>>> print(open('entry-v1.cif').read())   # mmCIF, C-alpha atoms
data_data
#
loop_
_atom_site.group_PDB
_atom_site.id
_atom_site.type_symbol
_atom_site.label_atom_id
_atom_site.label_comp_id
_atom_site.auth_asym_id
_atom_site.auth_seq_id
_atom_site.Cartn_x
_atom_site.Cartn_y
_atom_site.Cartn_z
ATOM 1 C CA MET K 1 0.000 0.000 0.000
ATOM 2 C CA ASP K 2 1.575 3.339 -1.022
ATOM 3 C CA ARG K 3 1.411 6.507 1.074
ATOM 4 C CA ARG K 4 -1.278 8.167 -1.079
ATOM 5 C CA THR K 5 -3.577 5.132 -0.789
ATOM 6 C CA ALA K 6 -3.047 4.926 2.961
ATOM 7 C CA LEU K 7 -3.884 8.620 3.419
ATOM 8 C CA GLY K 8 -6.966 8.228 1.249
ATOM 9 C CA LEU K 9 -8.245 5.334 3.332
ATOM 10 C CA ALA K 10 -7.559 7.254 6.544
ATOM 11 C CA ALA K 11 -9.460 10.257 5.239
ATOM 12 C CA GLY K 12 -12.326 8.020 4.192
ATOM 13 C CA ALA K 13 -12.450 6.531 7.671
ATOM 14 C CA LEU K 14 -13.017 10.013 9.074
ATOM 15 C CA VAL K 15 -16.028 10.722 6.875
ATOM 16 C CA LEU K 16 -18.518 8.577 8.816
ATOM 17 C CA PRO K 17 -17.708 9.838 12.333
ATOM 18 C CA MET K 18 -17.690 13.443 11.148
ATOM 19 C CA GLY K 19 -20.953 12.858 9.305
ATOM 20 C CA ARG K 20 -22.484 11.421 12.440
ATOM 21 C CA ARG K 21 -21.205 14.354 14.451
ATOM 22 C CA ALA K 22 -22.756 16.841 12.029
ATOM 23 C CA ALA K 23 -26.043 14.952 12.063
ATOM 24 C CA ALA K 24 -26.052 14.879 15.854
ATOM 25 C CA GLN K 25 -25.625 18.653 15.893
ATOM 26 C CA ALA K 26 -28.400 19.414 13.389
ATOM 27 C CA PHE K 27 -31.892 20.605 14.353
ATOM 28 C CA ASP K 28 -34.531 19.269 11.968
ATOM 29 C CA HIS K 29 -37.745 20.354 13.708
ATOM 30 C CA PRO K 30 -38.841 23.003 16.252
ATOM 31 C CA VAL K 31 -37.170 23.034 19.661
ATOM 32 C CA ARG K 32 -39.244 23.093 22.847
ATOM 33 C CA LEU K 33 -37.849 25.163 25.704
ATOM 34 C CA ILE K 34 -39.699 23.922 28.784
ATOM 35 C CA VAL K 35 -40.243 26.335 31.670
ATOM 36 C CA PRO K 36 -41.542 24.319 34.642
ATOM 37 C CA PHE K 37 -43.068 27.365 36.339
ATOM 38 C CA ALA K 38 -45.811 29.854 35.543
ATOM 39 C CA PRO K 39 -45.213 32.845 33.245
ATOM 40 C CA GLY K 40 -43.543 35.862 34.847
ATOM 41 C CA GLY K 41 -40.918 34.104 36.957
ATOM 42 C CA THR K 42 -37.153 34.236 36.415
ATOM 43 C CA SER K 43 -36.993 31.067 34.278
ATOM 44 C CA ASP K 44 -39.821 32.325 32.075
ATOM 45 C CA ILE K 45 -38.313 35.811 31.674
ATOM 46 C CA LEU K 46 -34.966 34.332 30.654
ATOM 47 C CA ALA K 47 -36.490 31.770 28.282
ATOM 48 C CA ARG K 48 -38.449 34.402 26.376
ATOM 49 C CA LEU K 49 -35.420 36.682 26.266
ATOM 50 C CA LEU K 50 -33.239 33.962 24.702
ATOM 51 C CA ALA K 51 -35.766 32.283 22.388
ATOM 52 C CA PRO K 52 -35.376 34.671 19.391
ATOM 53 C CA ASP K 53 -31.579 34.384 19.318
ATOM 54 C CA LEU K 54 -31.742 30.602 19.742
ATOM 55 C CA THR K 55 -34.259 30.391 16.898
ATOM 56 C CA ARG K 56 -31.731 32.082 14.625
ATOM 57 C CA ALA K 57 -28.838 29.954 15.904
ATOM 58 C CA PHE K 58 -30.675 26.631 15.647
ATOM 59 C CA GLY K 59 -32.367 27.370 12.323
ATOM 60 C CA GLN K 60 -35.620 26.150 13.886
ATOM 61 C CA ASN K 61 -38.346 27.836 15.901
ATOM 62 C CA VAL K 62 -37.720 27.717 19.645
ATOM 63 C CA VAL K 63 -41.076 27.494 21.407
ATOM 64 C CA VAL K 64 -41.332 28.374 25.098
ATOM 65 C CA GLU K 65 -43.764 26.101 26.955
ATOM 66 C CA ASN K 66 -44.832 26.526 30.586
ATOM 67 C CA ARG K 67 -45.403 23.128 32.232
ATOM 68 C CA THR K 68 -46.094 23.889 35.880
ATOM 69 C CA GLY K 69 -46.534 21.832 39.013
ATOM 70 C CA ALA K 70 -44.766 19.825 41.699
ATOM 71 C CA GLY K 71 -42.118 22.472 42.320
ATOM 72 C CA GLY K 72 -40.861 22.249 38.743
ATOM 73 C CA ASN K 73 -40.762 18.456 38.571
ATOM 74 C CA ILE K 74 -43.607 18.048 36.061
ATOM 75 C CA GLY K 75 -41.713 20.066 33.461
ATOM 76 C CA ALA K 76 -38.418 18.413 34.357
ATOM 77 C CA ASP K 77 -39.981 14.961 34.030
ATOM 78 C CA LEU K 78 -41.301 15.848 30.584
ATOM 79 C CA VAL K 79 -37.769 16.657 29.435
ATOM 80 C CA ALA K 80 -36.303 13.598 31.173
ATOM 81 C CA LYS K 81 -38.670 11.367 29.198
ATOM 82 C CA SER K 82 -38.192 13.104 25.836
ATOM 83 C CA PRO K 83 -36.102 11.725 22.960
ATOM 84 C CA PRO K 84 -32.378 12.334 23.569
ATOM 85 C CA ASP K 85 -31.923 14.513 20.495
ATOM 86 C CA GLY K 86 -31.605 18.035 21.931
ATOM 87 C CA HIS K 87 -35.012 19.171 20.678
ATOM 88 C CA THR K 88 -36.587 19.393 24.157
ATOM 89 C CA LEU K 89 -34.711 21.540 26.658
ATOM 90 C CA LEU K 90 -35.364 22.476 30.272
ATOM 91 C CA ILE K 91 -34.650 25.950 31.646
ATOM 92 C CA ILE K 92 -34.943 25.977 35.411
ATOM 93 C CA ASP K 93 -33.662 27.289 38.709
ATOM 94 C CA VAL K 94 -31.215 24.447 39.148
ATOM 95 C CA SER K 95 -30.952 24.926 42.922
ATOM 96 C CA THR K 96 -34.637 24.038 43.011
ATOM 97 C CA LEU K 97 -33.989 21.027 40.789
ATOM 98 C CA ALA K 98 -31.172 19.931 43.099
ATOM 99 C CA THR K 99 -33.513 19.655 46.087
ATOM 100 C CA ALA K 100 -35.947 17.309 44.367
ATOM 101 C CA PRO K 101 -34.214 13.929 44.854
ATOM 102 C CA SER K 102 -34.083 14.373 48.633
ATOM 103 C CA LEU K 103 -37.692 15.586 48.889
ATOM 104 C CA TYR K 104 -39.444 12.651 47.239
ATOM 105 C CA THR K 105 -39.270 9.007 48.252
ATOM 106 C CA ARG K 106 -40.779 8.142 44.858
ATOM 107 C CA PHE K 107 -39.170 10.380 42.264
ATOM 108 C CA PRO K 108 -40.285 10.036 38.617
ATOM 109 C CA PHE K 109 -36.797 10.161 37.107
ATOM 110 C CA ASP K 110 -33.147 9.834 38.004
ATOM 111 C CA LEU K 111 -31.718 13.352 37.973
ATOM 112 C CA LYS K 112 -28.135 12.306 37.259
ATOM 113 C CA ARG K 113 -29.057 9.728 34.612
ATOM 114 C CA ASP K 114 -32.085 11.237 32.869
ATOM 115 C CA LEU K 115 -31.046 14.884 32.522
ATOM 116 C CA ALA K 116 -27.847 16.156 30.910
ATOM 117 C CA PRO K 117 -26.487 19.507 32.147
ATOM 118 C CA VAL K 118 -25.851 21.813 29.184
ATOM 119 C CA THR K 119 -24.806 25.099 30.744
ATOM 120 C CA MET K 120 -25.431 27.423 33.634
ATOM 121 C CA LEU K 121 -26.822 30.752 32.453
ATOM 122 C CA ILE K 122 -27.172 33.314 35.227
ATOM 123 C CA TYR K 123 -27.017 33.847 38.943
ATOM 124 C CA ALA K 124 -29.556 36.219 40.430
ATOM 125 C CA PRO K 125 -29.517 36.911 44.155
ATOM 126 C CA TYR K 126 -32.654 36.623 46.210
ATOM 127 C CA ILE K 127 -34.430 39.706 47.471
ATOM 128 C CA LEU K 128 -36.227 39.389 50.789
ATOM 129 C CA ALA K 129 -39.161 41.763 50.420
ATOM 130 C CA ILE K 130 -42.313 42.518 52.371
ATOM 131 C CA HIS K 131 -45.735 43.969 51.673
ATOM 132 C CA PRO K 132 -45.800 47.695 52.547
ATOM 133 C CA SER K 133 -48.477 47.042 55.178
ATOM 134 C CA VAL K 134 -45.894 45.274 57.371
ATOM 135 C CA PRO K 135 -44.700 47.873 59.905
ATOM 136 C CA ALA K 136 -40.984 47.400 59.274
ATOM 137 C CA ARG K 137 -38.555 49.623 57.387
ATOM 138 C CA ASN K 138 -35.405 47.574 57.846
ATOM 139 C CA ALA K 139 -34.126 44.134 58.833
ATOM 140 C CA ALA K 140 -34.015 44.749 62.575
ATOM 141 C CA GLU K 141 -37.604 45.974 62.638
ATOM 142 C CA LEU K 142 -38.780 43.043 60.516
ATOM 143 C CA VAL K 143 -37.113 40.472 62.770
ATOM 144 C CA ALA K 144 -38.607 42.092 65.877
ATOM 145 C CA TYR K 145 -42.060 42.212 64.315
ATOM 146 C CA ALA K 146 -41.859 38.603 63.077
ATOM 147 C CA ARG K 147 -40.849 37.351 66.509
ATOM 148 C CA ALA K 148 -43.637 39.277 68.226
ATOM 149 C CA ASN K 149 -46.370 38.648 65.632
ATOM 150 C CA PRO K 150 -45.694 35.338 63.854
ATOM 151 C CA PRO K 151 -49.367 34.754 62.888
ATOM 152 C CA ARG K 152 -49.356 38.046 60.990
ATOM 153 C CA VAL K 153 -46.471 37.138 58.688
ATOM 154 C CA ASN K 154 -47.019 34.537 55.984
ATOM 155 C CA VAL K 155 -44.021 33.795 53.765
ATOM 156 C CA GLY K 156 -44.962 33.175 50.141
ATOM 157 C CA HIS K 157 -42.701 30.953 48.058
ATOM 158 C CA ALA K 158 -42.591 29.095 44.737
ATOM 159 C CA GLY K 159 -43.391 25.637 46.113
ATOM 160 C CA VAL K 160 -42.493 23.289 48.957
ATOM 161 C CA GLY K 161 -38.846 22.293 48.819
ATOM 162 C CA VAL K 162 -37.746 24.799 46.182
ATOM 163 C CA GLY K 163 -34.723 26.994 46.804
ATOM 164 C CA ASN K 164 -36.517 30.067 48.102
ATOM 165 C CA HIS K 165 -38.652 27.962 50.442
ATOM 166 C CA LEU K 166 -35.598 26.322 52.012
ATOM 167 C CA THR K 167 -33.784 29.644 52.236
ATOM 168 C CA GLY K 168 -36.825 31.125 53.965
ATOM 169 C CA LEU K 169 -36.848 28.274 56.471
ATOM 170 C CA LEU K 170 -33.187 28.773 57.306
ATOM 171 C CA VAL K 171 -33.555 32.530 57.706
ATOM 172 C CA THR K 172 -36.727 32.547 59.819
ATOM 173 C CA GLN K 173 -35.347 29.766 62.023
ATOM 174 C CA HIS K 174 -32.267 31.915 62.536
ATOM 175 C CA TRP K 175 -34.557 34.758 63.601
ATOM 176 C CA GLY K 176 -36.329 32.527 66.082
ATOM 177 C CA ALA K 177 -39.653 33.277 64.397
ATOM 178 C CA ASP K 178 -42.092 30.455 63.605
ATOM 179 C CA LEU K 179 -43.656 31.888 60.462
ATOM 180 C CA THR K 180 -46.174 30.227 58.162
ATOM 181 C CA GLN K 181 -44.679 29.166 54.831
ATOM 182 C CA VAL K 182 -47.257 29.425 52.031
ATOM 183 C CA PRO K 183 -46.559 27.589 48.743
ATOM 184 C CA TYR K 184 -47.739 28.963 45.396
ATOM 185 C CA ARG K 185 -47.487 27.632 41.849
ATOM 186 C CA GLY K 186 -44.175 29.292 41.066
ATOM 187 C CA GLY K 187 -42.379 32.495 41.922
ATOM 188 C CA ALA K 188 -44.627 34.706 39.790
ATOM 189 C CA ALA K 189 -47.752 33.556 41.641
ATOM 190 C CA ALA K 190 -46.011 34.074 44.979
ATOM 191 C CA LEU K 191 -44.947 37.588 43.981
ATOM 192 C CA THR K 192 -48.470 38.472 42.922
ATOM 193 C CA ALA K 193 -49.866 37.146 46.207
ATOM 194 C CA VAL K 194 -47.412 39.100 48.364
ATOM 195 C CA ALA K 195 -47.866 42.266 46.303
ATOM 196 C CA ALA K 196 -51.622 41.908 46.903
ATOM 197 C CA GLY K 197 -51.128 41.435 50.659
ATOM 198 C CA GLU K 198 -52.353 37.828 50.630
ATOM 199 C CA SER K 199 -48.978 36.877 52.129
ATOM 200 C CA GLN K 200 -46.658 39.379 53.751
ATOM 201 C CA MET K 201 -43.098 38.321 52.923
ATOM 202 C CA ILE K 202 -41.197 36.681 50.095
ATOM 203 C CA ILE K 203 -37.651 35.598 49.312
ATOM 204 C CA ASN K 204 -37.380 35.413 45.530
ATOM 205 C CA GLY K 205 -35.022 35.962 42.605
ATOM 206 C CA ALA K 206 -34.021 39.567 41.993
ATOM 207 C CA THR K 207 -34.768 39.241 38.272
ATOM 208 C CA ALA K 208 -38.496 38.898 38.895
ATOM 209 C CA THR K 209 -38.730 40.711 42.248
ATOM 210 C CA ALA K 210 -36.829 43.947 41.591
ATOM 211 C CA PRO K 211 -39.572 45.484 39.379
ATOM 212 C CA PHE K 212 -42.117 45.087 42.214
ATOM 213 C CA CYS K 213 -39.712 46.811 44.592
ATOM 214 C CA LYS K 214 -39.075 49.672 42.151
ATOM 215 C CA GLN K 215 -42.828 50.155 41.765
ATOM 216 C CA GLY K 216 -43.287 50.300 45.534
ATOM 217 C CA THR K 217 -45.647 47.320 45.657
ATOM 218 C CA LEU K 218 -43.005 45.469 47.691
ATOM 219 C CA ARG K 219 -40.417 46.807 50.131
ATOM 220 C CA PRO K 220 -36.900 45.305 49.845
ATOM 221 C CA ILE K 221 -35.300 44.441 53.194
ATOM 222 C CA ALA K 222 -32.212 42.347 52.374
ATOM 223 C CA VAL K 223 -30.479 40.578 49.487
ATOM 224 C CA THR K 224 -28.334 37.490 49.110
ATOM 225 C CA GLY K 225 -25.130 37.406 47.120
ATOM 226 C CA PRO K 226 -21.681 38.924 47.566
ATOM 227 C CA ALA K 227 -22.669 42.593 47.275
ATOM 228 C CA ARG K 228 -25.542 45.017 47.523
ATOM 229 C CA LEU K 229 -27.573 45.553 44.365
ATOM 230 C CA ALA K 230 -26.910 48.722 42.377
ATOM 231 C CA ASP K 231 -30.631 49.493 42.216
ATOM 232 C CA PHE K 232 -31.012 49.156 45.993
ATOM 233 C CA PRO K 233 -27.761 50.472 47.491
ATOM 234 C CA ASP K 234 -29.286 50.973 50.947
ATOM 235 C CA VAL K 235 -30.506 47.366 51.226
ATOM 236 C CA PRO K 236 -27.969 45.194 53.117
ATOM 237 C CA THR K 237 -26.866 41.691 52.206
ATOM 238 C CA PHE K 238 -27.638 38.599 54.254
ATOM 239 C CA GLN K 239 -23.911 38.360 54.952
ATOM 240 C CA GLU K 240 -23.807 41.857 56.419
ATOM 241 C CA LEU K 241 -26.732 40.939 58.676
ATOM 242 C CA GLY K 242 -25.167 37.650 59.770
ATOM 243 C CA TRP K 243 -28.006 35.610 58.300
ATOM 244 C CA PRO K 244 -27.588 32.070 56.882
ATOM 245 C CA ALA K 245 -27.879 31.107 53.180
ATOM 246 C CA ALA K 246 -25.990 34.258 52.191
ATOM 247 C CA ASP K 247 -24.911 32.675 48.889
ATOM 248 C CA SER K 248 -28.321 31.309 47.942
ATOM 249 C CA GLY K 249 -30.221 32.666 44.979
ATOM 250 C CA THR K 250 -31.660 31.586 41.696
ATOM 251 C CA TRP K 251 -29.154 29.797 39.474
ATOM 252 C CA GLN K 252 -30.723 29.417 36.057
ATOM 253 C CA GLY K 253 -29.445 26.681 33.783
ATOM 254 C CA VAL K 254 -30.399 24.569 30.784
ATOM 255 C CA LEU K 255 -30.526 20.775 30.692
ATOM 256 C CA ALA K 256 -31.286 18.278 27.945
ATOM 257 C CA GLN K 257 -32.478 14.705 28.136
ATOM 258 C CA GLY K 258 -29.888 12.260 29.462
ATOM 259 C CA GLY K 259 -28.228 10.391 26.627
ATOM 260 C CA THR K 260 -28.249 13.386 24.283
ATOM 261 C CA PRO K 261 -25.055 13.036 22.180
ATOM 262 C CA ALA K 262 -22.153 15.093 23.500
ATOM 263 C CA PRO K 263 -21.719 17.004 20.191
ATOM 264 C CA MET K 264 -25.329 18.154 20.391
ATOM 265 C CA VAL K 265 -24.964 19.162 24.065
ATOM 266 C CA ASN K 266 -21.825 21.123 23.205
ATOM 267 C CA ARG K 267 -23.495 22.788 20.228
ATOM 268 C CA ILE K 268 -26.428 23.934 22.396
ATOM 269 C CA ALA K 269 -24.034 25.164 25.096
ATOM 270 C CA ASN K 270 -22.051 27.182 22.541
ATOM 271 C CA ASP K 271 -25.189 28.676 20.998
ATOM 272 C CA LEU K 272 -26.445 29.649 24.451
ATOM 273 C CA ARG K 273 -23.097 31.257 25.232
ATOM 274 C CA THR K 274 -23.375 33.289 22.035
ATOM 275 C CA ALA K 275 -26.987 34.279 22.763
ATOM 276 C CA MET K 276 -26.101 35.381 26.276
ATOM 277 C CA ALA K 277 -23.355 37.638 24.879
ATOM 278 C CA VAL K 278 -25.674 39.590 22.563
ATOM 279 C CA PRO K 279 -25.306 43.174 23.872
ATOM 280 C CA THR K 280 -29.027 43.864 24.262
ATOM 281 C CA THR K 281 -29.498 40.547 26.071
ATOM 282 C CA ALA K 282 -26.491 41.114 28.325
ATOM 283 C CA GLU K 283 -27.778 44.597 29.180
ATOM 284 C CA ARG K 284 -31.246 43.275 29.980
ATOM 285 C CA ILE K 285 -29.818 40.568 32.246
ATOM 286 C CA ALA K 286 -27.665 43.102 34.098
ATOM 287 C CA ALA K 287 -30.638 45.443 34.466
ATOM 288 C CA LEU K 288 -32.576 42.610 36.072
ATOM 289 C CA GLY K 289 -29.915 42.256 38.768
ATOM 290 C CA ALA K 290 -28.458 39.020 37.385
ATOM 291 C CA VAL K 291 -24.896 37.990 36.547
ATOM 292 C CA ASN K 292 -23.862 36.003 33.464
ATOM 293 C CA ARG K 293 -22.539 32.626 34.669
ATOM 294 C CA VAL K 294 -22.357 30.663 31.413
ATOM 295 C CA GLU K 295 -20.061 27.650 31.747
ATOM 296 C CA GLY K 296 -19.579 24.275 30.073
ATOM 297 C CA PRO K 297 -21.409 21.006 30.699
ATOM 298 C CA ASP K 298 -18.675 19.466 32.869
ATOM 299 C CA SER K 299 -18.372 22.307 35.371
ATOM 300 C CA PHE K 300 -22.170 22.635 35.446
ATOM 301 C CA ARG K 301 -22.500 18.951 36.346
ATOM 302 C CA THR K 302 -19.932 19.321 39.149
ATOM 303 C CA TRP K 303 -21.829 22.319 40.533
ATOM 304 C CA LEU K 304 -25.156 20.476 40.375
ATOM 305 C CA ASP K 305 -23.783 17.399 42.157
ATOM 306 C CA ASN K 306 -22.531 19.633 44.964
ATOM 307 C CA GLU K 307 -25.878 21.448 45.266
ATOM 308 C CA ILE K 308 -27.715 18.124 45.539
ATOM 309 C CA GLU K 309 -25.555 17.240 48.537
ATOM 310 C CA VAL K 310 -25.793 20.675 50.215
ATOM 311 C CA TRP K 311 -29.573 20.988 50.013
ATOM 312 C CA SER K 312 -30.227 17.367 50.914
ATOM 313 C CA ARG K 313 -28.750 18.154 54.341
ATOM 314 C CA VAL K 314 -31.211 21.048 54.782
ATOM 315 C CA VAL K 315 -34.140 18.872 53.693
ATOM 316 C CA ARG K 316 -33.172 16.111 56.121
ATOM 317 C CA ALA K 317 -32.625 18.551 58.986
ATOM 318 C CA ASN K 318 -36.148 19.926 58.515
ATOM 319 C CA ASN K 319 -37.724 16.522 57.829
ATOM 320 C CA ILE K 320 -39.370 17.728 54.631
ATOM 321 C CA LYS K 321 -40.985 15.073 52.469
ATOM 322 C CA LEU K 322 -43.327 15.329 49.488
ATOM 323 C CA ASP K 323 -45.229 12.231 48.386
#
>>> encode(input="entry-v1.cif", output="structure tokens")
Amino acid sequence: MDRRTALGLAAGALVLPMGRRAAAQAFDHPVRLIVPFAPGGTSDILARLLAPDLTRAFGQNVVVENRTGAGGNIGADLVAKSPPDGHTLLIIDVSTLATAPSLYTRFPFDLKRDLAPVTMLIYAPYILAIHPSVPARNAAELVAYARANPPRVNVGHAGVGVGNHLTGLLVTQHWGADLTQVPYRGGAAALTAVAAGESQMIINGATATAPFCKQGTLRPIAVTGPARLADFPDVPTFQELGWPAADSGTWQGVLAQGGTPAPMVNRIANDLRTAMAVPTTAERIAALGAVNRVEGPDSFRTWLDNEIEVWSRVVRANNIKLD
């Protein structure tokens, strides 16, 4: 066999794998972007912000679908049971997703096996906010009022066991106040209820909560994260106040069905990275109080595995079960 023939055969051998890789990366019908919460929450805002750019990148329509219920697990289960071809994606607060395996004794899917991390997208700190009828202007006054009047303070949250519910438990336990935790069907419903005075306090992602605070329908008291928010410079951080869960917040990420080919996962991750860097999108995300945290599938999986372990300890300590 001469050198030219050998090189020709080698090149021919590469055609099939490369062809398969290209096919795995191609979108041949519309893509469903599943939001497992009601419209108006952080996941929904981000999905609708990214959908037009992803439509252009994928060459197929990206359709945002809200599939609510069970603290996000109904939507997540839909994706987990979809074909592993990258055409059904989940956008979710992944801290909330990480709590699910420890909350349910009968869980409909295996999180590590049935969902494939694609990329983290953003981190948005939580804002602890209250209805203006609560007679408190700052953290000290709120803690004193909550301790003295626990029946008068209901804490609205996005669902039992989700990230803002568990953060609320940790914080109010730290206060020594036995407050009533009220679950709603997602963060948007909880925000609406607190803004209407149905519940009196909420801990929720800044992306969705900040507009209510700017309008005066909610009063911001404290924020999570490493620094105060530019829009609320007088509102202290949990860390400044010595409260627990200072690093909690809403971590939005995208996952595909487990078994989706790695080239397809990488293609989606790269397209999301590009979409997140579009100047108008980046400006909108910053204006919503969020930080771009796009990273690859491997580091996202490591982060998610750690979150599962961290929040499982909180769930066990509070004996929370959903079945």
>>> resolve_selection(input="entry-v1.cif", expression="the PyMOL selection byres ((chain K and resi 97-101) around 6)", output="list in words")
Val94, Ser95, Thr96, Ser102, Leu103, Tyr104, Glu307, Ile308 and Trp311 of chain K
>>> resolve_selection(input="entry-v1.cif", expression="the PyMOL selection byres ((chain K and resi 109) around 10)", output="ChimeraX atom specification")
/K:73,76-78,80-81,101,106-108,110-115
>>> write_last_selection(input="entry-v1.cif", atoms="C-alpha atoms", output="short mmCIF file (atom, residue, chain, number, x, y, z; two decimals), in the frame of the given file")
data_model
loop_
_atom_site.label_atom_id
_atom_site.label_comp_id
_atom_site.auth_asym_id
_atom_site.auth_seq_id
_atom_site.Cartn_x
_atom_site.Cartn_y
_atom_site.Cartn_z
CA ASN K 73 -40.76 18.46 38.57
CA ALA K 76 -38.42 18.41 34.36
CA ASP K 77 -39.98 14.96 34.03
CA LEU K 78 -41.30 15.85 30.58
CA ALA K 80 -36.30 13.60 31.17
CA LYS K 81 -38.67 11.37 29.20
CA PRO K 101 -34.21 13.93 44.85
CA ARG K 106 -40.78 8.14 44.86
CA PHE K 107 -39.17 10.38 42.26
CA PRO K 108 -40.28 10.04 38.62
CA ASP K 110 -33.15 9.83 38.00
CA LEU K 111 -31.72 13.35 37.97
CA LYS K 112 -28.14 12.31 37.26
CA ARG K 113 -29.06 9.73 34.61
CA ASP K 114 -32.08 11.24 32.87
CA LEU K 115 -31.05 14.88 32.52
#
>>> resolve_selection(input="entry-v1.cif", expression="the PyMOL selection byres ((chain K and resi 251) around 9)", output="ChimeraX atom specification")
/K:92-96,120-125,248-250,252-253,293
>>> atom_distance(input="entry-v1.cif", atom1="CA of Pro244 (chain K)", atom2="CA of Asn149 (chain K)")
21.7 Å
>>> residues_around(input="entry-v1.cif", residues="Gln257 (chain K)", least_positions_apart="3", cutoff="8 Å", atoms="all atoms listed in the file", output="VMD selection string")
chain K and resid 79 to 86 88 to 89 114 to 116 260
>>> closest_residue(input="entry-v1.cif", among="K:Asn306, K:Ala245, K:Pro52, K:Val171", to="Thr281 (chain K)", atoms="only C-alpha atoms")
K:Pro52
>>> residues_around(input="entry-v1.cif", residues="Val162 (chain K)", least_positions_apart="2", cutoff="7 Å", atoms="all atoms listed in the file", output="PyMOL selection string")
chain K and resi 71+96+99+158-160+164-166
>>> axis_aligned_box(input="entry-v1.cif", around="region 241-260 of chain K", padding_each_side="4 Å", output="JSON")
{"center_x": -28.7, "center_y": 25.7, "center_z": 42.0, "size_x": 15.6, "size_y": 38.5, "size_z": 43.5}
>>> atom_distance(input="entry-v1.cif", atom1="CA of Ala286 (chain K)", atom2="CA of Cys213 (chain K)")
16.4 Å
>>> closest_residue(input="entry-v1.cif", among="K:Asn154, K:Gln239, K:Leu322, K:Leu255", to="Gly197 (chain K)", atoms="all atoms listed in the file")
K:Asn154
>>> closest_residue(input="entry-v1.cif", among="K:Val235, K:Leu90, K:Ala246, K:Ala70", to="Leu170 (chain K)", atoms="only C-alpha atoms")
K:Ala246
>>> closest_residue(input="entry-v1.cif", among="K:Ala26, K:Val254, K:Ile202, K:Ile91", to="Ala269 (chain K)", atoms="all atoms listed in the file")
K:Val254
>>> atom_distance(input="entry-v1.cif", atom1="CA of Val194 (chain K)", atom2="CA of Ser133 (chain K)")
10.5 Å
>>> residues_near_point(input="entry-v1.cif", point="(-44.7, 39.8, 57.7)", cutoff="10 Å", atoms="all atoms listed in the file", output="VMD selection string")
chain K and resid 129 to 136 142 to 143 145 to 147 149 to 155 179 to 180 194 197 199 to 202
>>> closest_residue(input="entry-v1.cif", among="K:Tyr184, K:Phe232, K:Tyr126, K:Phe212", to="His157 (chain K)", atoms="only C-alpha atoms")
K:Tyr184
>>> closest_residue(input="entry-v1.cif", among="K:Gly69, K:His87, K:Arg56, K:Thr237", to="His29 (chain K)", atoms="all atoms listed in the file")
K:His87
>>> residues_around(input="entry-v1.cif", residues="Phe300 (chain K)", least_positions_apart="4", cutoff="8 Å", atoms="only C-alpha atoms", output="list in words")
Pro117, Val118, Thr119, Met120, Glu295, Gly296 and Leu304 of chain K
>>> residues_around(input="entry-v1.cif", residues="Pro30 (chain K)", least_positions_apart="3", cutoff="8 Å", atoms="all atoms listed in the file", output="list in words")
Phe27, Gln60, Asn61, Val62, Val63 and His87 of chain K
>>> write_last_selection(input="entry-v1.cif", atoms="C-alpha atoms", output="short mmCIF file (atom, residue, chain, number, x, y, z; two decimals), in the coordinates of the input")
data_model
loop_
_atom_site.label_atom_id
_atom_site.label_comp_id
_atom_site.auth_asym_id
_atom_site.auth_seq_id
_atom_site.Cartn_x
_atom_site.Cartn_y
_atom_site.Cartn_z
CA PHE K 27 -31.89 20.60 14.35
CA GLN K 60 -35.62 26.15 13.89
CA ASN K 61 -38.35 27.84 15.90
CA VAL K 62 -37.72 27.72 19.64
CA VAL K 63 -41.08 27.49 21.41
CA HIS K 87 -35.01 19.17 20.68
#
